[in-house]
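Shown next: coords-v7.txt, containing compact mmCIF, C-alpha atoms.
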```txt
# COMPACT_ATOMS: atom_id res chain seq x y z
CA THR A 11 13.49 -46.35 12.50
CA ILE A 12 15.53 -48.24 15.07
CA LEU A 13 17.44 -50.08 12.35
CA LEU A 14 18.09 -46.77 10.59
CA ILE A 15 19.49 -45.19 13.75
CA VAL A 16 21.60 -48.18 14.76
CA PHE A 17 23.07 -49.26 11.42
CA VAL A 18 23.20 -46.04 9.39
CA PHE A 19 23.79 -43.28 11.94
CA GLY A 20 25.76 -45.63 14.17
CA PHE A 21 28.12 -46.57 11.36
CA LEU A 22 28.52 -42.92 10.31
CA THR A 23 29.29 -41.95 13.91
CA ILE A 24 31.97 -44.63 14.21
CA ALA A 25 33.45 -43.62 10.84
CA THR A 26 33.58 -39.95 11.89
CA TRP A 27 35.24 -40.87 15.19
CA ALA A 28 37.79 -43.05 13.39
CA ALA A 29 38.58 -40.28 10.87
CA ARG A 30 39.41 -37.95 13.76
CA LYS A 31 41.59 -40.57 15.45
CA ILE A 32 43.49 -41.94 12.42
CA PRO A 33 46.22 -39.23 12.43
CA LYS A 34 46.85 -39.86 16.14
CA TRP A 35 46.91 -43.63 15.62
CA ALA A 36 49.41 -43.23 12.78
CA ARG A 37 51.70 -41.01 14.88
CA THR A 38 51.63 -43.35 17.88
CA GLY A 39 52.22 -46.49 15.82
CA GLN A 40 48.77 -48.08 16.31
CA ILE A 41 48.84 -49.54 12.81
CA SER A 42 46.25 -52.24 13.51
CA ARG A 43 43.62 -49.60 14.26
CA VAL A 44 44.52 -47.68 11.13
CA HIS A 45 44.14 -50.86 9.05
CA SER A 46 40.71 -51.44 10.58
CA PHE A 47 39.47 -48.24 8.92
CA ILE A 48 41.73 -48.28 5.88
CA PHE A 49 38.67 -48.12 3.61
CA LEU A 50 38.15 -44.51 4.75
CA ILE A 51 41.57 -43.25 3.65
CA VAL A 52 43.10 -45.61 1.10
CA ARG A 53 41.62 -43.87 -1.95
CA PHE A 54 42.40 -40.31 -0.89
CA ARG A 55 45.43 -38.06 -0.57
CA MET A 56 47.18 -38.05 2.79
CA ASP A 57 46.15 -34.45 3.49
CA ARG A 58 42.55 -35.25 2.58
CA TRP A 59 42.17 -38.48 4.55
CA TRP A 60 38.88 -37.26 6.04
CA PHE A 61 37.02 -37.15 2.71
CA GLY A 62 35.78 -40.70 3.17
CA VAL A 63 33.27 -39.52 5.79
CA PRO A 64 31.54 -36.91 3.54
CA LEU A 65 31.52 -39.49 0.76
CA LEU A 66 29.65 -41.90 3.04
CA LEU A 67 27.13 -39.15 3.82
CA ARG A 68 26.37 -38.33 0.19
CA GLY A 69 24.24 -41.41 -0.48
CA PRO A 70 21.99 -41.09 2.60
CA LEU A 71 21.60 -37.34 2.05
CA LEU A 72 20.50 -37.87 -1.56
CA SER A 73 18.01 -40.53 -0.43
CA PHE A 74 16.68 -38.41 2.42
CA PRO A 75 14.39 -36.12 0.30
CA VAL A 76 12.52 -39.10 -1.14
CA VAL A 77 11.56 -40.23 2.38
CA TRP A 78 11.11 -36.85 4.05
CA ALA A 79 9.21 -35.11 1.22
CA ALA A 80 7.53 -38.03 -0.49
CA ASP A 81 4.57 -35.95 -1.70
CA SER A 82 6.53 -32.90 -2.80
CA PRO A 83 8.62 -33.34 -5.98
CA GLU A 84 9.64 -29.68 -5.82
CA MET A 85 11.10 -30.15 -2.33
CA GLN A 86 12.86 -33.35 -3.39
CA THR A 87 14.47 -31.56 -6.32
CA SER A 88 15.53 -28.59 -4.21
CA ILE A 89 17.09 -30.68 -1.43
CA ALA A 90 18.87 -33.00 -3.85
CA ALA A 91 20.23 -30.02 -5.80
CA PHE A 92 21.43 -28.43 -2.55
CA VAL A 93 23.22 -31.63 -1.53
CA LEU A 94 24.90 -31.99 -4.94
CA ALA A 95 25.96 -28.32 -4.89
CA ILE A 96 27.54 -28.74 -1.43
CA PHE A 97 29.45 -31.84 -2.49
CA LEU A 98 30.52 -30.22 -5.76
CA PHE A 99 31.97 -27.29 -3.81
CA LEU A 100 33.65 -29.67 -1.34
CA GLN A 101 35.10 -31.74 -4.19
CA ILE A 102 36.57 -28.68 -5.92
CA MET A 103 38.04 -27.29 -2.69
CA ALA A 104 39.50 -30.60 -1.46
CA TRP A 105 40.49 -32.35 -4.75
CA PRO A 106 40.82 -35.49 -2.60
CA TRP A 107 41.35 -38.51 -4.86
CA LYS A 108 44.86 -39.92 -5.24
CA VAL A 109 44.28 -40.56 -8.94
CA PRO A 110 43.97 -37.15 -10.66
CA VAL A 111 41.60 -38.40 -13.33
CA LEU A 112 39.09 -39.38 -10.64
CA ASN A 113 39.03 -35.80 -9.35
CA VAL A 114 38.26 -34.51 -12.82
CA MET A 115 35.63 -37.18 -13.49
CA ASP A 116 33.93 -36.75 -10.09
CA THR A 117 33.70 -33.00 -10.56
CA TRP A 118 32.48 -33.31 -14.15
CA VAL A 119 29.81 -35.91 -13.38
CA THR A 120 28.54 -34.10 -10.27
CA LEU A 121 28.31 -30.84 -12.20
CA TRP A 122 26.20 -32.29 -14.99
CA LEU A 123 24.08 -34.30 -12.57
CA LEU A 124 23.28 -31.01 -10.84
CA VAL A 125 22.44 -29.31 -14.14
CA LEU A 126 20.36 -32.30 -15.23
CA LEU A 127 18.47 -32.29 -11.94
CA LEU A 128 17.63 -28.60 -12.22
CA ALA A 129 16.74 -28.80 -15.90
CA THR A 130 14.46 -31.84 -15.63
CA PRO A 131 10.81 -30.74 -15.25
CA VAL A 132 9.04 -31.84 -12.10
CA TYR A 133 5.81 -32.37 -13.97
CA ASN A 134 5.59 -33.26 -17.61
CA THR A 135 3.33 -30.35 -18.49
CA GLY A 136 3.37 -27.63 -21.10
CA ALA A 137 3.30 -27.58 -24.86
CA VAL A 138 4.60 -30.48 -26.88
CA ALA A 139 7.41 -28.35 -28.30
CA GLN A 140 8.54 -27.34 -24.82
CA ARG A 141 8.57 -30.94 -23.63
CA GLN A 142 10.63 -31.94 -26.66
CA ILE A 143 13.17 -29.20 -25.94
CA LYS A 144 13.46 -30.32 -22.32
CA GLU A 145 13.92 -33.92 -23.39
CA GLN A 146 16.62 -32.89 -25.86
CA LEU A 147 18.43 -30.88 -23.17
CA SER A 148 18.26 -33.84 -20.80
CA ALA A 149 19.76 -36.08 -23.49
CA ILE A 150 22.59 -33.59 -24.04
CA PHE A 151 23.37 -33.45 -20.32
CA MET A 152 23.38 -37.25 -20.10
CA ALA A 153 25.77 -37.30 -23.05
CA PHE A 154 28.19 -35.07 -21.14
CA ILE A 155 28.11 -37.53 -18.22
CA ALA A 156 28.67 -40.47 -20.58
CA LEU A 157 31.58 -38.58 -22.14
CA ALA A 158 33.40 -38.58 -18.81
CA LEU A 159 32.86 -42.31 -18.41
CA PHE A 160 34.14 -43.02 -21.94
CA PHE A 161 37.18 -40.85 -21.21
CA VAL A 162 38.08 -42.94 -18.17
CA ILE A 163 37.47 -46.18 -20.08
CA ALA A 164 39.75 -44.93 -22.86
CA ILE A 165 42.54 -44.16 -20.38
CA ILE A 166 42.22 -47.61 -18.81
CA PHE A 167 42.27 -49.22 -22.26
CA ILE A 168 45.44 -47.30 -23.22
CA ALA A 169 47.08 -48.33 -19.94
CA LEU A 170 46.22 -51.99 -20.56
CA CYS A 171 47.55 -51.80 -24.13
CA GLN A 172 50.76 -50.22 -22.84
CA TYR A 173 51.14 -53.04 -20.33
CA ALA A 174 50.44 -55.68 -23.00
CA ILE A 175 53.04 -54.20 -25.35
CA THR A 176 55.83 -53.25 -22.96
CA GLY A 177 55.12 -55.70 -20.13
CA LYS A 178 55.64 -52.97 -17.55
CA LYS A 179 53.13 -52.41 -14.78
CA SER A 180 53.11 -48.69 -15.32
CA SER A 181 50.22 -46.58 -14.07
CA GLU A 182 51.29 -43.40 -15.89
CA TRP A 183 48.20 -43.19 -18.04
CA LEU A 184 45.83 -43.98 -15.22
CA ASN A 185 47.44 -41.47 -12.86
CA LEU A 186 48.03 -38.89 -15.58
CA THR A 187 51.67 -38.71 -14.51
CA MET A 188 52.63 -38.09 -18.12
CA LEU A 189 51.71 -34.46 -17.35
CA ARG A 190 54.54 -34.14 -14.83
CA ASN A 191 57.62 -32.16 -15.79
CA SER A 192 60.20 -34.37 -14.06
CA SER A 193 60.79 -37.99 -13.19
CA ASP A 194 60.86 -39.55 -9.74
CA GLU A 195 64.67 -39.61 -9.81
CA VAL A 196 64.90 -35.89 -10.53
CA THR A 197 62.35 -35.10 -7.81
CA GLY A 198 64.26 -37.22 -5.29
CA GLU A 199 67.52 -35.52 -6.17
CA MET A 200 65.97 -32.06 -5.83
CA LEU A 201 64.49 -33.00 -2.45
CA HIS A 202 67.84 -34.34 -1.25
CA GLN A 203 69.66 -31.16 -2.30
CA MET A 204 67.05 -29.02 -0.57
CA ALA A 205 67.43 -31.07 2.63
CA GLU A 206 71.19 -30.48 2.58
CA GLU A 207 70.65 -26.74 2.21
CA LEU A 208 68.01 -26.61 4.95
CA VAL A 209 70.42 -28.20 7.43
CA GLN A 210 72.60 -25.10 7.17
CA PHE A 211 69.80 -22.89 8.57
CA SER A 212 68.84 -22.65 12.21
CA SER A 213 65.26 -23.17 13.34
CA ARG A 214 64.88 -19.45 14.03
CA GLU A 215 66.07 -18.52 10.53
CA LEU A 216 63.66 -21.01 8.96
CA ALA A 217 60.81 -19.70 11.10
CA TRP A 218 61.59 -16.17 9.96
CA GLN A 219 61.58 -17.22 6.30
CA ILE A 220 58.35 -19.19 6.68
CA GLY A 221 56.75 -16.24 8.48
CA LYS A 222 56.99 -14.24 5.27
CA LEU A 223 54.80 -16.75 3.42
CA ASN A 224 51.02 -16.64 3.29
CA ARG A 225 48.97 -19.16 5.24
CA HIS A 226 48.06 -21.16 2.16
CA ASP A 227 51.72 -21.80 1.30
CA VAL A 228 52.50 -22.68 4.92
CA ALA A 229 49.63 -25.17 4.92
CA ARG A 230 51.04 -26.78 1.77
CA ILE A 231 54.46 -27.11 3.43
CA GLU A 232 52.86 -28.73 6.48
CA ALA A 233 50.91 -31.11 4.21
CA CYS A 234 54.14 -32.01 2.39
CA ILE A 235 55.88 -32.76 5.69
CA SER A 236 52.97 -34.93 6.81
CA MET A 237 52.96 -36.79 3.48
CA LEU A 238 56.71 -37.47 3.59
CA THR A 239 56.40 -38.65 7.18
CA ALA A 240 53.51 -41.01 6.48
CA GLU A 241 54.38 -42.31 3.01
CA CYS A 242 58.19 -42.37 3.02
CA GLY A 243 58.76 -43.53 6.59
CA LEU A 244 60.54 -40.33 7.64
CA THR A 245 60.54 -39.25 11.28
CA LEU A 246 60.47 -35.77 12.75
```
What would the structure in this file look like if it were written as structure tokens?
Amino acid sequence: TILLIVFVFGFLTIATWAARKIPKWARTGQISRVHSFIFLIVRFRMDRWWFGVPLLLRGPLLSFPVVWAADSPEMQTSIAAFVLAIFLFLQIMAWPWKVPVLNVMDTWVTLWLLVLLLATPVYNTGAVAQRQIKEQLSAIFMAFIALALFFVIAIIFIALCQYAITGKKSSEWLNLTMLRNSSDEVTGEMLHQMAEELVQFSSRELAWQIGKLNRHDVARIEACISMLTAECGLTL
């Protein structure tokens, strides 16, 4: 119990504290502290840097029912399903991974793991025909999970073949950037033109225009500003 409190809950507490402090450290130039906890944020979008903490909690929470309700398979199934449902909802709302295909795969796998968990019988009872149907359904659900893994493997294989043929270290297949409508040069030019037009407005005029937007759009603008500040080295 002492080891569990010190190493598991202690580490999660430190990770949560660091996730709260990372934006402040980045703004004040404390890069060494940010690098100390880079494992929490390196895989996620800049506006979803905090997702590393819930991801660390998922494993212990899924293991918790086995310890807490060791003699109750029904309780284990219910708690595990609840945990998966919460993380599925959080994944859909946050869409945190930098690589788009990982968001799709994580959502897909979690969904079918939840369905498989709810469809798997707690006790292997009932008629033989019913058990066979349940086993067939479980096999189908596992096939859906394997399909997502094969899809990712296929994308990686295509990216490696593209690199072997062209010799370019392009991550377009892996990042699914082939779905974008414009290139980086076009996006940069559009951003530069917009910056030149924004300079012509006063702060009050911009505030009035932004005030007409809904809160979701304003939040996206704030996230874009934060991303440009952090990733492109811009200053406010």
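Closest approach to Thr23 of chain A from the set A:Leu100, A:Leu238, A:Met85, A:Leu67 is made by A:Leu67, with distances taken over all atoms listed in the file.
Between atom CA of Glu199 of chain A and atom CA of Arg58 of chain A lies a distance of 26.5 Å.
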Counting all atoms listed in the file, closest pick from A:Ile48, A:Val63, A:Ile96, A:Val114 relative to Phe21 of chain A is A:Val63
For this session: Please provide as a PyMOL selection string all residues within 10 Å of Val93 of chain A, with the sequence filter that same-chain residues fewer than 4 positions apart are discarded (counting all atoms listed in the file).
Result: chain A and resi 68-69+71-72+87-89+97-98+124
Please dump the current selection as a short mmCIF file (atom, residue, chain, number, x, y, z; two decimals), keeping the file's coordinate frame; keep C-alpha atoms.
```cif
data_model
loop_
_atom_site.label_atom_id
_atom_site.label_comp_id
_atom_site.auth_asym_id
_atom_site.auth_seq_id
_atom_site.Cartn_x
_atom_site.Cartn_y
_atom_site.Cartn_z
CA ARG A 68 26.37 -38.33 0.19
CA GLY A 69 24.24 -41.41 -0.48
CA LEU A 71 21.60 -37.34 2.05
CA LEU A 72 20.50 -37.87 -1.56
CA THR A 87 14.47 -31.56 -6.32
CA SER A 88 15.53 -28.59 -4.21
CA ILE A 89 17.09 -30.68 -1.43
CA PHE A 97 29.45 -31.84 -2.49
CA LEU A 98 30.52 -30.22 -5.76
CA LEU A 124 23.28 -31.01 -10.84
#
```
Between atom CA of Arg55 of chain A and atom CA of Val209 of chain A lies a distance of 28.0 Å
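Take the candidates A:Ala129, A:Ile51, A:Ala205, A:Trp122 and check each one against Phe154 of chain A using all atoms listed in the file; the shortest distance goes to A:Trp122.
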note - atom CA of Ala217 of chain A and atom CA of Met200 of chain A are separated by 21.6 Å
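If all atoms listed in the file are the atoms counted, then among A:Met115, A:Ile143, A:Leu201, A:Leu126 the closest residue to Leu157 of chain A is A:Met115.
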Kindly list the centre and edge lengths in Å, rounded to one decimal, for the axis-aligned box that covers all listed atoms of segment 17-29 of chain A plus 3 Å on each of its six sides, as JSON.
```
{"center_x": 30.8, "center_y": -44.6, "center_z": 12.3, "size_x": 21.5, "size_y": 15.3, "size_z": 11.8}
```
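Residue nearest Pro110 of chain A, chosen from A:Trp78, A:Ala29, A:Trp60, A:Arg53 and counting only C-alpha atoms: A:Arg53.
Across A:Met237, A:Ala104, A:Leu208, A:Ile12, the tightest approach to Ala36 of chain A is made by A:Met237 when counting only C-alpha atoms.
Near Ala153 of chain A, within 12 Å and counting only C-alpha atoms, sit Trp118, Val119, Trp122, Leu123, Leu126, Gln146, Leu147, Ser148, Ala149, Ile150, Ala156, Leu157, Ala158, Leu159 and Phe160 of chain A; same-chain residues fewer than 3 positions away were not included.
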Output as a PDB file, in the coordinates of the input: segment 95-106 of chain A, completed with all heavy atoms.
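What landed in part.pdb:
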```pdb
ATOM      1  N   ALA A  95      25.172 -29.556  -4.833  1.00  0.00           N
ATOM      2  CA  ALA A  95      25.960 -28.320  -4.890  1.00  0.00           C
ATOM      3  C   ALA A  95      26.990 -28.276  -3.769  1.00  0.00           C
ATOM      4  O   ALA A  95      28.139 -27.869  -3.983  1.00  0.00           O
ATOM      5  CB  ALA A  95      25.023 -27.110  -4.803  1.00  0.00           C
ATOM      6  N   ILE A  96      26.604 -28.712  -2.557  1.00  0.00           N
ATOM      7  CA  ILE A  96      27.540 -28.740  -1.430  1.00  0.00           C
ATOM      8  C   ILE A  96      28.703 -29.685  -1.716  1.00  0.00           C
ATOM      9  O   ILE A  96      29.879 -29.351  -1.500  1.00  0.00           O
ATOM     10  CB  ILE A  96      26.822 -29.135  -0.136  1.00  0.00           C
ATOM     11  CG1 ILE A  96      25.852 -28.028   0.296  1.00  0.00           C
ATOM     12  CG2 ILE A  96      27.822 -29.433   0.974  1.00  0.00           C
ATOM     13  CD1 ILE A  96      26.519 -26.732   0.661  1.00  0.00           C
ATOM     14  N   PHE A  97      28.391 -30.869  -2.224  1.00  0.00           N
ATOM     15  CA  PHE A  97      29.450 -31.840  -2.490  1.00  0.00           C
ATOM     16  C   PHE A  97      30.301 -31.433  -3.692  1.00  0.00           C
ATOM     17  O   PHE A  97      31.490 -31.754  -3.744  1.00  0.00           O
ATOM     18  CB  PHE A  97      28.852 -33.226  -2.695  1.00  0.00           C
ATOM     19  CG  PHE A  97      28.576 -33.942  -1.405  1.00  0.00           C
ATOM     20  CD1 PHE A  97      27.342 -33.873  -0.805  1.00  0.00           C
ATOM     21  CD2 PHE A  97      29.579 -34.663  -0.777  1.00  0.00           C
ATOM     22  CE1 PHE A  97      27.091 -34.515   0.393  1.00  0.00           C
ATOM     23  CE2 PHE A  97      29.340 -35.311   0.420  1.00  0.00           C
ATOM     24  CZ  PHE A  97      28.094 -35.237   1.005  1.00  0.00           C
ATOM     25  N   LEU A  98      29.726 -30.726  -4.652  1.00  0.00           N
ATOM     26  CA  LEU A  98      30.520 -30.220  -5.760  1.00  0.00           C
ATOM     27  C   LEU A  98      31.526 -29.181  -5.265  1.00  0.00           C
ATOM     28  O   LEU A  98      32.706 -29.198  -5.650  1.00  0.00           O
ATOM     29  CB  LEU A  98      29.604 -29.607  -6.820  1.00  0.00           C
ATOM     30  CG  LEU A  98      30.301 -28.974  -8.036  1.00  0.00           C
ATOM     31  CD1 LEU A  98      31.125 -30.013  -8.781  1.00  0.00           C
ATOM     32  CD2 LEU A  98      29.277 -28.325  -8.959  1.00  0.00           C
ATOM     33  N   PHE A  99      31.070 -28.285  -4.398  1.00  0.00           N
ATOM     34  CA  PHE A  99      31.970 -27.290  -3.810  1.00  0.00           C
ATOM     35  C   PHE A  99      33.056 -27.958  -2.988  1.00  0.00           C
ATOM     36  O   PHE A  99      34.243 -27.592  -3.071  1.00  0.00           O
ATOM     37  CB  PHE A  99      31.154 -26.323  -2.941  1.00  0.00           C
ATOM     38  CG  PHE A  99      31.991 -25.344  -2.177  1.00  0.00           C
ATOM     39  CD1 PHE A  99      32.526 -24.231  -2.799  1.00  0.00           C
ATOM     40  CD2 PHE A  99      32.249 -25.551  -0.829  1.00  0.00           C
ATOM     41  CE1 PHE A  99      33.311 -23.328  -2.089  1.00  0.00           C
ATOM     42  CE2 PHE A  99      33.029 -24.653  -0.116  1.00  0.00           C
ATOM     43  CZ  PHE A  99      33.561 -23.539  -0.749  1.00  0.00           C
ATOM     44  N   LEU A 100      32.679 -28.963  -2.182  1.00  0.00           N
ATOM     45  CA  LEU A 100      33.650 -29.670  -1.340  1.00  0.00           C
ATOM     46  C   LEU A 100      34.669 -30.415  -2.199  1.00  0.00           C
ATOM     47  O   LEU A 100      35.867 -30.434  -1.889  1.00  0.00           O
ATOM     48  CB  LEU A 100      32.914 -30.636  -0.417  1.00  0.00           C
ATOM     49  CG  LEU A 100      33.740 -31.326   0.670  1.00  0.00           C
ATOM     50  CD1 LEU A 100      34.336 -30.302   1.606  1.00  0.00           C
ATOM     51  CD2 LEU A 100      32.871 -32.313   1.441  1.00  0.00           C
ATOM     52  N   GLN A 101      34.207 -31.016  -3.294  1.00  0.00           N
ATOM     53  CA  GLN A 101      35.100 -31.740  -4.190  1.00  0.00           C
ATOM     54  C   GLN A 101      36.119 -30.793  -4.834  1.00  0.00           C
ATOM     55  O   GLN A 101      37.320 -31.099  -4.913  1.00  0.00           O
ATOM     56  CB  GLN A 101      34.286 -32.447  -5.276  1.00  0.00           C
ATOM     57  CG  GLN A 101      35.059 -32.915  -6.495  1.00  0.00           C
ATOM     58  CD  GLN A 101      36.003 -34.053  -6.203  1.00  0.00           C
ATOM     59  OE1 GLN A 101      35.803 -34.793  -5.253  1.00  0.00           O
ATOM     60  NE2 GLN A 101      37.045 -34.192  -7.006  1.00  0.00           N
ATOM     61  N   ILE A 102      35.671 -29.634  -5.273  1.00  0.00           N
ATOM     62  CA  ILE A 102      36.570 -28.680  -5.920  1.00  0.00           C
ATOM     63  C   ILE A 102      37.582 -28.124  -4.914  1.00  0.00           C
ATOM     64  O   ILE A 102      38.769 -27.942  -5.236  1.00  0.00           O
ATOM     65  CB  ILE A 102      35.760 -27.544  -6.558  1.00  0.00           C
ATOM     66  CG1 ILE A 102      34.909 -28.098  -7.719  1.00  0.00           C
ATOM     67  CG2 ILE A 102      36.668 -26.433  -7.071  1.00  0.00           C
ATOM     68  CD1 ILE A 102      33.969 -27.083  -8.322  1.00  0.00           C
ATOM     69  N   MET A 103      37.137 -27.850  -3.687  1.00  0.00           N
ATOM     70  CA  MET A 103      38.040 -27.290  -2.690  1.00  0.00           C
ATOM     71  C   MET A 103      39.053 -28.327  -2.193  1.00  0.00           C
ATOM     72  O   MET A 103      40.220 -27.993  -1.948  1.00  0.00           O
ATOM     73  CB  MET A 103      37.222 -26.760  -1.504  1.00  0.00           C
ATOM     74  CG  MET A 103      36.358 -25.555  -1.838  1.00  0.00           C
ATOM     75  SD  MET A 103      37.312 -24.125  -2.371  1.00  0.00           S
ATOM     76  CE  MET A 103      38.245 -23.773  -0.885  1.00  0.00           C
ATOM     77  N   ALA A 104      38.624 -29.580  -2.045  1.00  0.00           N
ATOM     78  CA  ALA A 104      39.500 -30.600  -1.460  1.00  0.00           C
ATOM     79  C   ALA A 104      40.372 -31.290  -2.509  1.00  0.00           C
ATOM     80  O   ALA A 104      41.544 -31.568  -2.264  1.00  0.00           O
ATOM     81  CB  ALA A 104      38.675 -31.640  -0.706  1.00  0.00           C
ATOM     82  N   TRP A 105      39.783 -31.581  -3.689  1.00  0.00           N
ATOM     83  CA  TRP A 105      40.490 -32.350  -4.750  1.00  0.00           C
ATOM     84  C   TRP A 105      41.126 -33.588  -4.120  1.00  0.00           C
ATOM     85  O   TRP A 105      42.335 -33.778  -4.140  1.00  0.00           O
ATOM     86  CB  TRP A 105      41.555 -31.465  -5.409  1.00  0.00           C
ATOM     87  CG  TRP A 105      41.759 -31.728  -6.862  1.00  0.00           C
ATOM     88  CD1 TRP A 105      42.899 -32.210  -7.438  1.00  0.00           C
ATOM     89  CD2 TRP A 105      40.838 -31.502  -7.927  1.00  0.00           C
ATOM     90  NE1 TRP A 105      42.735 -32.311  -8.799  1.00  0.00           N
ATOM     91  CE2 TRP A 105      41.482 -31.875  -9.123  1.00  0.00           C
ATOM     92  CE3 TRP A 105      39.527 -31.017  -7.989  1.00  0.00           C
ATOM     93  CZ2 TRP A 105      40.863 -31.772 -10.363  1.00  0.00           C
ATOM     94  CZ3 TRP A 105      38.917 -30.924  -9.214  1.00  0.00           C
ATOM     95  CH2 TRP A 105      39.574 -31.294 -10.382  1.00  0.00           C
ATOM     96  N   PRO A 106      40.305 -34.501  -3.547  1.00  0.00           N
ATOM     97  CA  PRO A 106      40.820 -35.490  -2.600  1.00  0.00           C
ATOM     98  C   PRO A 106      41.405 -36.760  -3.181  1.00  0.00           C
ATOM     99  O   PRO A 106      42.238 -37.401  -2.540  1.00  0.00           O
ATOM    100  CB  PRO A 106      39.581 -35.819  -1.767  1.00  0.00           C
ATOM    101  CG  PRO A 106      38.455 -35.680  -2.744  1.00  0.00           C
ATOM    102  CD  PRO A 106      38.853 -34.572  -3.676  1.00  0.00           C
TER     103      PRO A 106
END
```
